[in-house]
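Below is coords-v3.cif, which holds mmCIF, C-alpha atoms and all ligand atoms.
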```
data_model
loop_
_atom_site.label_atom_id
_atom_site.label_comp_id
_atom_site.auth_asym_id
_atom_site.auth_seq_id
_atom_site.Cartn_x
_atom_site.Cartn_y
_atom_site.Cartn_z
CA MET V 1 -33.81 1.66 4.77
CA ALA V 2 -30.84 1.40 7.13
CA LYS V 3 -27.36 0.38 6.01
CA SER V 4 -25.63 -2.75 7.20
CA GLY V 5 -22.38 -4.31 6.09
CA THR V 6 -18.73 -5.00 6.61
CA VAL V 7 -15.63 -2.96 5.85
CA ALA V 8 -12.13 -4.44 5.72
CA PRO V 9 -9.27 -2.01 6.21
CA VAL V 10 -6.32 -3.70 4.54
CA GLY V 11 -2.80 -2.61 3.73
CA ARG V 12 0.82 -3.01 4.58
CA PRO V 13 1.95 -3.34 8.18
CA ASN V 14 2.01 0.01 9.97
CA ALA V 15 -0.25 1.81 7.49
CA GLY V 16 -2.56 2.78 10.36
CA LYS V 17 -5.42 0.29 9.96
CA SER V 18 -5.92 -0.28 13.67
CA THR V 19 -5.57 3.42 14.44
CA LEU V 20 -8.29 4.14 11.90
CA MET V 21 -10.72 1.57 13.25
CA ASN V 22 -10.16 2.80 16.80
CA HIS V 23 -10.73 6.37 15.72
CA LEU V 24 -13.96 5.59 13.86
CA LEU V 25 -15.25 3.59 16.83
CA GLN V 26 -14.03 6.21 19.31
CA GLU V 27 -12.62 3.40 21.39
CA LYS V 28 -9.25 1.70 21.73
CA LEU V 29 -10.24 -1.74 20.58
CA ALA V 30 -7.25 -2.90 18.56
CA ILE V 31 -3.77 -2.38 19.94
CA VAL V 32 -1.49 -0.02 18.04
CA SER V 33 2.27 0.32 17.93
CA ASP V 34 5.02 1.79 15.80
CA LYS V 35 6.29 -1.76 15.14
CA PRO V 36 5.02 -3.67 12.10
CA GLN V 37 2.83 -6.77 12.54
CA THR V 38 1.13 -5.54 15.69
CA THR V 39 -2.27 -6.94 14.71
CA ARG V 40 -2.19 -10.74 14.51
CA HIS V 41 -5.86 -11.64 14.34
CA ARG V 42 -8.99 -10.37 12.69
CA ILE V 43 -10.30 -7.78 15.13
CA VAL V 44 -13.99 -7.02 14.75
CA GLY V 45 -15.27 -3.54 15.60
CA ILE V 46 -18.96 -2.65 15.41
CA LEU V 47 -20.18 0.87 14.68
CA SER V 48 -23.90 1.38 15.20
CA SER V 49 -25.68 4.65 14.53
CA GLU V 50 -28.98 5.96 13.19
CA ARG V 51 -27.52 5.29 9.72
CA GLY V 52 -27.26 1.58 10.42
CA GLN V 53 -24.42 -0.73 11.29
CA MET V 54 -20.89 -0.82 9.94
CA VAL V 55 -18.75 -3.77 10.99
CA PHE V 56 -14.98 -3.40 10.64
CA TYR V 57 -12.58 -6.27 10.15
CA ASP V 58 -9.22 -4.93 11.25
CA THR V 59 -6.56 -7.23 9.89
CA PRO V 60 -2.84 -7.98 10.00
CA GLY V 61 -0.76 -6.09 7.47
CA ILE V 62 -0.02 -7.78 4.18
CA HIS V 63 3.57 -9.02 4.16
CA ARG V 64 5.66 -11.94 3.00
CA PRO V 65 4.90 -14.71 5.51
CA LEU V 66 8.03 -16.43 6.78
CA HIS V 67 6.42 -18.43 9.60
CA ARG V 68 3.32 -20.52 10.16
CA MET V 69 1.95 -17.72 12.34
CA ASN V 70 2.40 -15.21 9.56
CA ARG V 71 0.71 -17.47 7.02
CA GLN V 72 -2.28 -17.55 9.34
CA MET V 73 -2.12 -13.77 9.67
CA MET V 74 -2.20 -13.40 5.91
CA ARG V 75 -5.21 -15.71 5.73
CA TYR V 76 -7.04 -13.42 8.15
CA ALA V 77 -6.25 -10.44 5.96
CA LEU V 78 -7.19 -12.08 2.67
CA ASP V 79 -10.35 -13.71 4.03
CA ALA V 80 -11.50 -10.38 5.46
CA MET V 81 -10.94 -8.73 2.11
CA ASN V 82 -12.87 -11.44 0.29
CA GLU V 83 -15.77 -11.42 2.74
CA ALA V 84 -16.19 -7.70 3.32
CA ASP V 85 -18.74 -5.60 1.46
CA VAL V 86 -16.27 -2.74 1.14
CA THR V 87 -12.49 -2.98 0.88
CA CYS V 88 -10.58 -0.07 2.30
CA LEU V 89 -6.93 -0.01 1.26
CA LEU V 90 -4.79 2.10 3.57
CA VAL V 91 -1.54 3.56 2.33
CA ASP V 92 1.03 5.33 4.47
CA MET V 93 1.59 8.59 2.56
CA ALA V 94 4.78 9.29 4.46
CA ALA V 95 6.47 6.06 3.34
CA LYS V 96 8.21 5.65 0.00
CA PHE V 97 6.24 3.62 -2.56
CA GLY V 98 7.94 0.26 -3.03
CA SER V 99 7.34 -3.21 -4.43
CA GLY V 100 5.34 -4.16 -1.33
CA ASP V 101 2.96 -1.29 -2.05
CA ALA V 102 2.61 -2.33 -5.68
CA TYR V 103 1.74 -5.86 -4.56
CA VAL V 104 -0.92 -4.68 -2.12
CA LEU V 105 -2.35 -2.22 -4.63
CA ASP V 106 -2.74 -5.01 -7.15
CA LEU V 107 -4.28 -7.34 -4.57
CA ALA V 108 -6.77 -4.83 -3.18
CA GLY V 109 -7.55 -3.66 -6.70
CA LYS V 110 -8.89 -7.13 -7.46
CA ALA V 111 -11.22 -7.22 -4.44
CA GLU V 112 -14.86 -7.65 -5.31
CA GLY V 113 -17.28 -4.89 -4.43
CA PRO V 114 -16.57 -1.23 -3.81
CA ARG V 115 -12.96 -0.26 -3.10
CA VAL V 116 -11.85 2.82 -1.25
CA LEU V 117 -8.28 4.04 -1.21
CA VAL V 118 -7.38 5.77 2.03
CA LEU V 119 -4.24 7.88 1.89
CA ASN V 120 -3.29 7.96 5.55
CA LYS V 121 -0.86 10.05 7.58
CA VAL V 122 -1.46 13.25 5.59
CA ASP V 123 -0.25 15.07 8.71
CA ARG V 124 3.23 13.84 7.86
CA ILE V 125 3.50 15.20 4.31
CA LYS V 126 3.42 18.66 2.76
CA LYS V 127 0.01 19.85 1.58
CA PRO V 128 1.00 20.46 -2.09
CA GLU V 129 2.05 16.80 -2.38
CA ILE V 130 -1.45 15.50 -1.68
CA LEU V 131 -3.28 16.31 -4.92
CA PRO V 132 -0.64 14.93 -7.33
CA ARG V 133 -0.55 11.73 -5.29
CA ILE V 134 -4.32 11.42 -5.49
CA ALA V 135 -4.18 12.02 -9.23
CA ARG V 136 -1.63 9.27 -9.73
CA TYR V 137 -3.70 6.75 -7.77
CA ALA V 138 -6.84 7.87 -9.62
CA GLU V 139 -5.17 6.96 -12.92
CA THR V 140 -5.10 3.30 -11.89
CA GLY V 141 -8.91 3.31 -12.09
CA LEU V 142 -9.01 0.71 -9.31
CA PHE V 143 -10.91 2.69 -6.71
CA ASP V 144 -14.41 4.04 -6.32
CA GLU V 145 -13.17 6.76 -3.99
CA ILE V 146 -9.85 8.14 -2.80
CA VAL V 147 -9.80 9.86 0.57
CA PRO V 148 -6.77 11.45 2.22
CA ILE V 149 -6.97 11.32 6.01
CA SER V 150 -5.02 11.36 9.22
CA ALA V 151 -6.23 8.46 11.34
CA LYS V 152 -4.15 9.78 14.19
CA ASN V 153 -5.62 13.26 14.50
CA GLY V 154 -8.90 12.48 12.77
CA ASP V 155 -8.45 14.83 9.80
CA ASN V 156 -11.04 14.12 7.11
CA CYS V 157 -12.22 10.95 8.86
CA ASP V 158 -15.80 12.29 8.81
CA ARG V 159 -15.60 12.43 5.04
CA LEU V 160 -14.26 8.86 4.92
CA LEU V 161 -17.08 7.66 7.12
CA GLU V 162 -19.58 9.39 4.84
CA VAL V 163 -18.06 7.58 1.84
CA LEU V 164 -18.17 4.23 3.63
CA TRP V 165 -21.82 4.62 4.63
CA SER V 166 -22.71 5.51 1.05
CA LEU V 167 -21.04 2.34 -0.30
CA LEU V 168 -22.52 -0.01 2.28
CA PRO V 169 -25.50 -2.17 1.25
CA GLU V 170 -28.90 -1.76 2.84
CA GLY V 171 -29.99 -4.26 5.43
CA GLU V 172 -30.74 -5.20 8.97
CA PRO V 173 -27.99 -4.93 11.59
CA MET V 174 -25.96 -8.12 12.09
CA PHE V 175 -25.24 -7.49 15.78
CA ASP V 176 -26.93 -6.05 18.81
CA PRO V 177 -26.29 -2.28 18.48
CA GLU V 178 -25.02 -2.24 22.06
CA LEU V 179 -22.08 -4.46 21.08
CA LEU V 180 -18.77 -2.83 20.24
CA THR V 181 -16.96 -6.05 19.43
CA ILE V 182 -17.27 -9.83 19.51
CA HIS V 183 -14.03 -10.47 21.37
CA PRO V 184 -14.09 -11.52 25.01
CA GLU V 185 -12.56 -9.20 27.59
CA ARG V 186 -9.83 -11.75 28.25
CA PHE V 187 -8.54 -11.64 24.70
CA LEU V 188 -8.58 -7.85 24.64
CA ALA V 189 -6.80 -7.78 28.00
CA VAL V 190 -4.03 -10.09 26.81
CA GLU V 191 -3.62 -7.94 23.69
CA ARG V 192 -3.14 -4.90 25.91
CA ILE V 193 -0.37 -6.67 27.78
CA ARG V 194 1.29 -7.41 24.44
CA GLU V 195 0.95 -3.75 23.53
CA LYS V 196 3.08 -2.82 26.52
CA VAL V 197 5.70 -5.37 25.49
CA LEU V 198 5.79 -3.78 22.03
CA GLU V 199 5.92 -0.29 23.47
CA LEU V 200 8.77 -0.90 25.88
CA THR V 201 11.01 -3.26 23.92
CA THR V 202 12.89 -2.53 20.71
CA GLU V 203 14.06 -3.97 17.44
CA GLU V 204 13.37 -7.53 16.43
CA LEU V 205 11.88 -8.56 19.74
CA PRO V 206 8.25 -7.67 18.97
CA PHE V 207 8.11 -10.23 16.16
CA SER V 208 9.21 -13.05 18.39
CA THR V 209 7.06 -12.31 21.42
CA ALA V 210 3.54 -13.39 22.22
CA VAL V 211 1.45 -13.27 25.37
CA VAL V 212 -0.45 -16.33 26.55
CA LEU V 213 -3.09 -16.21 29.24
CA GLU V 214 -2.42 -18.89 31.84
CA ARG V 215 -5.09 -18.16 34.42
CA TRP V 216 -7.82 -15.58 35.03
CA GLU V 217 -9.38 -15.43 38.48
CA ASP V 218 -12.25 -13.16 39.32
CA ASP V 219 -12.14 -12.63 43.07
CA ALA V 220 -15.47 -10.96 43.74
CA GLU V 221 -14.91 -10.95 47.49
CA LYS V 222 -11.76 -8.85 47.17
CA ASP V 223 -13.12 -7.01 44.12
CA LEU V 224 -9.98 -8.02 42.25
CA ILE V 225 -9.10 -9.79 39.02
CA ARG V 226 -5.95 -11.92 39.08
CA ILE V 227 -4.35 -12.39 35.71
CA TYR V 228 -1.49 -14.82 35.18
CA ALA V 229 0.15 -14.58 31.77
CA SER V 230 3.33 -15.70 30.05
CA ILE V 231 5.37 -13.67 27.64
CA LEU V 232 6.82 -16.04 25.07
CA VAL V 233 10.18 -15.41 23.50
CA GLU V 234 12.23 -17.61 21.20
CA ARG V 235 15.67 -17.46 22.74
CA GLN V 236 17.38 -17.13 26.08
CA GLY V 237 18.94 -13.83 25.00
CA GLN V 238 15.50 -12.39 24.32
CA LYS V 239 14.33 -13.48 27.72
CA LYS V 240 17.20 -11.50 29.21
CA ILE V 241 16.01 -8.40 27.36
CA VAL V 242 12.38 -8.77 28.40
CA VAL V 243 13.32 -9.43 32.02
CA GLY V 244 15.89 -6.64 32.01
CA ARG V 245 18.62 -5.83 34.47
CA GLN V 246 17.48 -6.86 37.92
CA GLY V 247 14.03 -7.44 36.44
CA GLN V 248 13.54 -3.78 35.60
CA MET V 249 12.02 -4.30 32.17
CA ILE V 250 9.47 -6.92 33.17
CA LYS V 251 8.57 -4.74 36.12
CA ALA V 252 7.98 -1.74 33.87
CA ILE V 253 5.89 -3.84 31.46
CA GLY V 254 3.89 -5.25 34.37
CA THR V 255 3.19 -1.87 35.92
CA ALA V 256 2.18 -0.24 32.63
CA ALA V 257 -0.05 -3.19 31.73
CA ARG V 258 -1.68 -3.35 35.16
CA LEU V 259 -2.56 0.35 35.14
CA ASP V 260 -3.99 0.03 31.65
CA LEU V 261 -5.98 -3.10 32.55
CA GLU V 262 -7.43 -1.53 35.68
CA GLN V 263 -8.78 1.26 33.54
CA PHE V 264 -10.00 -1.08 30.83
CA LEU V 265 -11.65 -3.61 33.16
CA GLU V 266 -12.74 -1.00 35.71
CA ARG V 267 -11.52 -3.32 38.45
CA ARG V 268 -8.44 -3.70 40.59
CA VAL V 269 -6.00 -6.03 38.87
CA TYR V 270 -3.26 -8.29 40.15
CA LEU V 271 -1.00 -9.11 37.23
CA ASP V 272 1.54 -11.91 37.29
CA LEU V 273 3.82 -12.02 34.24
CA ASN V 274 6.44 -14.59 33.57
CA VAL V 275 8.80 -14.88 30.61
CA ARG V 276 9.11 -18.25 28.93
CA VAL V 277 11.51 -19.37 26.24
CA GLU V 278 9.64 -21.35 23.60
CA PRO V 279 11.97 -21.97 20.65
CA ASP V 280 10.29 -21.56 17.25
CA TRP V 281 6.85 -20.96 18.74
CA ARG V 282 5.83 -19.16 15.56
CA GLU V 283 6.00 -22.56 13.84
CA ASN V 284 4.41 -24.49 16.69
CA LYS V 285 0.83 -25.60 16.00
CA ALA V 286 -0.02 -26.13 19.67
CA VAL V 287 1.24 -22.70 20.73
CA LEU V 288 -0.56 -21.03 17.84
CA ALA V 289 -3.77 -22.87 18.72
CA ALA V 290 -3.45 -21.63 22.31
CA LEU V 291 -3.01 -18.08 21.05
CA ASP V 292 -6.11 -18.43 18.86
CA ARG V 293 -8.28 -19.82 21.62
CA ASP V 294 -10.94 -17.45 22.95
CA VAL V 295 -10.35 -14.83 20.28
CA ASP V 296 -14.00 -14.67 19.19
CA LEU V 297 -17.10 -14.85 21.36
CA GLU V 298 -19.83 -17.07 20.02
CA VAL V 299 -22.60 -14.70 18.91
CA ASP V 300 -25.85 -15.98 17.46
N1 LIG V 401 1.59 10.64 12.02
C1 LIG V 401 0.66 9.70 11.92
N2 LIG V 401 0.88 8.48 12.45
C2 LIG V 401 -0.08 7.54 12.33
C3 LIG V 401 -1.30 7.80 11.65
N3 LIG V 401 -2.05 6.67 11.68
C4 LIG V 401 -1.32 5.76 12.36
N4 LIG V 401 -0.14 6.27 12.76
C5 LIG V 401 0.95 5.60 13.51
O1 LIG V 401 1.45 4.55 12.71
C6 LIG V 401 1.85 3.43 13.53
C7 LIG V 401 1.14 2.18 13.07
O2 LIG V 401 -0.24 2.29 13.35
P1 LIG V 401 -1.18 1.01 13.44
O3 LIG V 401 -2.57 1.50 13.55
O4 LIG V 401 -0.68 0.06 14.48
O5 LIG V 401 -0.93 0.40 11.97
P2 LIG V 401 -1.44 -1.00 11.38
O6 LIG V 401 -0.29 -1.93 11.46
O7 LIG V 401 -1.80 -0.70 9.96
O8 LIG V 401 -2.63 -1.44 12.18
C8 LIG V 401 1.51 3.84 14.97
O9 LIG V 401 2.68 4.35 15.56
C9 LIG V 401 0.46 4.93 14.78
O10 LIG V 401 0.44 5.85 15.85
C10 LIG V 401 -1.51 9.11 11.09
O11 LIG V 401 -2.52 9.45 10.49
N5 LIG V 401 -0.49 10.01 11.25
MG MG V 402 -2.97 -3.13 13.22
#
```

Please rewrite the model in this file as structure tokens.
Amino acid sequence: MAKSGTVAPVGRPNAGKSTLMNHLLQEKLAIVSDKPQTTRHRIVGILSSERGQMVFYDTPGIHRPLHRMNRQMMRYALDAMNEADVTCLLVDMAAKFGSGDAYVLDLAGKAEGPRVLVLNKVDRIKKPEILPRIARYAETGLFDEIVPISAKNGDNCDRLLEVLWSLLPEGEPMFDPELLTIHPERFLAVERIREKVLELTTEELPFSTAVVLERWEDDAEKDLIRIYASILVERQGQKKIVVGRQGQMIKAIGTAARLDLEQFLERRVYLDLNVRVEPDWRENKAVLAALDRDVDLEVD
């Protein structure tokens, strides 16, 4: 009998959840950055093989929510954990264990069903430190399996996948095995624009930026897709940073995003980005609804 079920990678921001899902799917589905709170939705990734089907729910990192947007992000994370067949707690081995980690450990430890602890970023710590760390986590008795990996270079990810397949229930696949995700191209494209904003800007800016799709025109005659999008910021000063001196920053973001989108969409792309100040958008229901629109395709 084939396996079929869902896996929720959960953990603190920046633990490497999106990197892991991308690695296991061999595809850049979720955007990744070195800034916390990169993932803002539940991103579904579908892995189909002769073993069956494993559906990942990549989620926002667990953090103290200070805005309406972040409360929604936390709901995505907690709902995914409650719904998934297997909970996969990711811990950044290179980061010092703090109260945030204790909170997440407690939370994930209460998840129903099998729980796997993934000790990520082993490439960043010394080898002799690994076993004692595993032993300490094993003492909690909260996990069915503990697997040290590097999501970035793929170390031991085969072993993790093996563990996940073994814990998954038997069943029929939920999705067409040809599908990699349930998100429309437009959503994934807008995420990739946001990734460039995160990559090229620094400090507190990433938290207060969002990208909204304004218009998407498929010009078959010219074999071109025209994408009009707005980068939201909260204050005039932030707009200055995103635009840059003589528009240099927005130009760099636009070029990087266009090249990436042309590869992703396998089409020529015309990208029009504009920066808009939208005070307190993270509290604004209408803006948040616009950002949530078109995230999931309707799949029967
Ligand atoms: N050195 C190292 N860096 C990693 C590893 N996994 C993820 N990262 C980096 O950690 C940062 C956060 O990764 P991301 O997947 O966005 O974390 P998320 O917030 O949990 O989804 C990025 O800069 C990744 O490149 C790893 O195994 N080793
Ligand atoms: Mg992420």

Expected selection as a PDB file with C-alpha atoms, in the frame of the given file for ligand LIG 401 (chain V) within 10 Å, all atoms listed in the file:
```
ATOM      1  CA  PRO V   9      -9.270  -2.010   6.210  1.00  0.00           C
ATOM      2  CA  VAL V  10      -6.320  -3.700   4.540  1.00  0.00           C
ATOM      3  CA  GLY V  11      -2.800  -2.610   3.730  1.00  0.00           C
ATOM      4  CA  ARG V  12       0.820  -3.010   4.580  1.00  0.00           C
ATOM      5  CA  PRO V  13       1.950  -3.340   8.180  1.00  0.00           C
ATOM      6  CA  ASN V  14       2.010   0.010   9.970  1.00  0.00           C
ATOM      7  CA  ALA V  15      -0.250   1.810   7.490  1.00  0.00           C
ATOM      8  CA  GLY V  16      -2.560   2.780  10.360  1.00  0.00           C
ATOM      9  CA  LYS V  17      -5.420   0.290   9.960  1.00  0.00           C
ATOM     10  CA  SER V  18      -5.920  -0.280  13.670  1.00  0.00           C
ATOM     11  CA  THR V  19      -5.570   3.420  14.440  1.00  0.00           C
ATOM     12  CA  LEU V  20      -8.290   4.140  11.900  1.00  0.00           C
ATOM     13  CA  MET V  21     -10.720   1.570  13.250  1.00  0.00           C
ATOM     14  CA  ASN V  22     -10.160   2.800  16.800  1.00  0.00           C
ATOM     15  CA  HIS V  23     -10.730   6.370  15.720  1.00  0.00           C
ATOM     16  CA  ALA V  30      -7.250  -2.900  18.560  1.00  0.00           C
ATOM     17  CA  ILE V  31      -3.770  -2.380  19.940  1.00  0.00           C
ATOM     18  CA  VAL V  32      -1.490  -0.020  18.040  1.00  0.00           C
ATOM     19  CA  SER V  33       2.270   0.320  17.930  1.00  0.00           C
ATOM     20  CA  ASP V  34       5.020   1.790  15.800  1.00  0.00           C
ATOM     21  CA  LYS V  35       6.290  -1.760  15.140  1.00  0.00           C
ATOM     22  CA  PRO V  36       5.020  -3.670  12.100  1.00  0.00           C
ATOM     23  CA  GLN V  37       2.830  -6.770  12.540  1.00  0.00           C
ATOM     24  CA  THR V  38       1.130  -5.540  15.690  1.00  0.00           C
ATOM     25  CA  THR V  39      -2.270  -6.940  14.710  1.00  0.00           C
ATOM     26  CA  ARG V  40      -2.190 -10.740  14.510  1.00  0.00           C
ATOM     27  CA  ASP V  58      -9.220  -4.930  11.250  1.00  0.00           C
ATOM     28  CA  THR V  59      -6.560  -7.230   9.890  1.00  0.00           C
ATOM     29  CA  PRO V  60      -2.840  -7.980  10.000  1.00  0.00           C
ATOM     30  CA  GLY V  61      -0.760  -6.090   7.470  1.00  0.00           C
ATOM     31  CA  ILE V  62      -0.020  -7.780   4.180  1.00  0.00           C
ATOM     32  CA  LEU V  90      -4.790   2.100   3.570  1.00  0.00           C
ATOM     33  CA  VAL V  91      -1.540   3.560   2.330  1.00  0.00           C
ATOM     34  CA  ASP V  92       1.030   5.330   4.470  1.00  0.00           C
ATOM     35  CA  MET V  93       1.590   8.590   2.560  1.00  0.00           C
ATOM     36  CA  ALA V  94       4.780   9.290   4.460  1.00  0.00           C
ATOM     37  CA  LEU V 119      -4.240   7.880   1.890  1.00  0.00           C
ATOM     38  CA  ASN V 120      -3.290   7.960   5.550  1.00  0.00           C
ATOM     39  CA  LYS V 121      -0.860  10.050   7.580  1.00  0.00           C
ATOM     40  CA  VAL V 122      -1.460  13.250   5.590  1.00  0.00           C
ATOM     41  CA  ASP V 123      -0.250  15.070   8.710  1.00  0.00           C
ATOM     42  CA  ARG V 124       3.230  13.840   7.860  1.00  0.00           C
ATOM     43  CA  ILE V 125       3.500  15.200   4.310  1.00  0.00           C
ATOM     44  CA  PRO V 148      -6.770  11.450   2.220  1.00  0.00           C
ATOM     45  CA  ILE V 149      -6.970  11.320   6.010  1.00  0.00           C
ATOM     46  CA  SER V 150      -5.020  11.360   9.220  1.00  0.00           C
ATOM     47  CA  ALA V 151      -6.230   8.460  11.340  1.00  0.00           C
ATOM     48  CA  LYS V 152      -4.150   9.780  14.190  1.00  0.00           C
ATOM     49  CA  ASN V 153      -5.620  13.260  14.500  1.00  0.00           C
ATOM     50  CA  GLY V 154      -8.900  12.480  12.770  1.00  0.00           C
ATOM     51  CA  ASP V 155      -8.450  14.830   9.800  1.00  0.00           C
ATOM     52  CA  CYS V 157     -12.220  10.950   8.860  1.00  0.00           C
ATOM     53  CA  GLU V 195       0.950  -3.750  23.530  1.00  0.00           C
ATOM     54  CA  GLU V 199       5.920  -0.290  23.470  1.00  0.00           C
TER      55      GLU V 199
END
```

All file atoms of stretch 132-144 of chain V boxed axis-aligned, 3 Å per side, centre plus edges, as lines of an AutoDock Vina configuration file:
```
center_x = -7.5
center_y = 7.8
center_z = -9.1
size_x = 19.9
size_y = 20.2
size_z = 13.6
```

Item to check | Exercise: V:Gln238 partners within 9 Å, all atoms listed in the file, chain neighbours under 4 positions left out, as a ChimeraX atom specification | outcome: /V:205,208-209,233-234,242-243,277

Checklist entry - Out of V:Leu66, V:Val147, V:Met73, V:Leu25, which residue has the shortest atom-to-atom distance to ligand MG 402 (chain V) when counting all atoms listed in the file? => result V:Met73
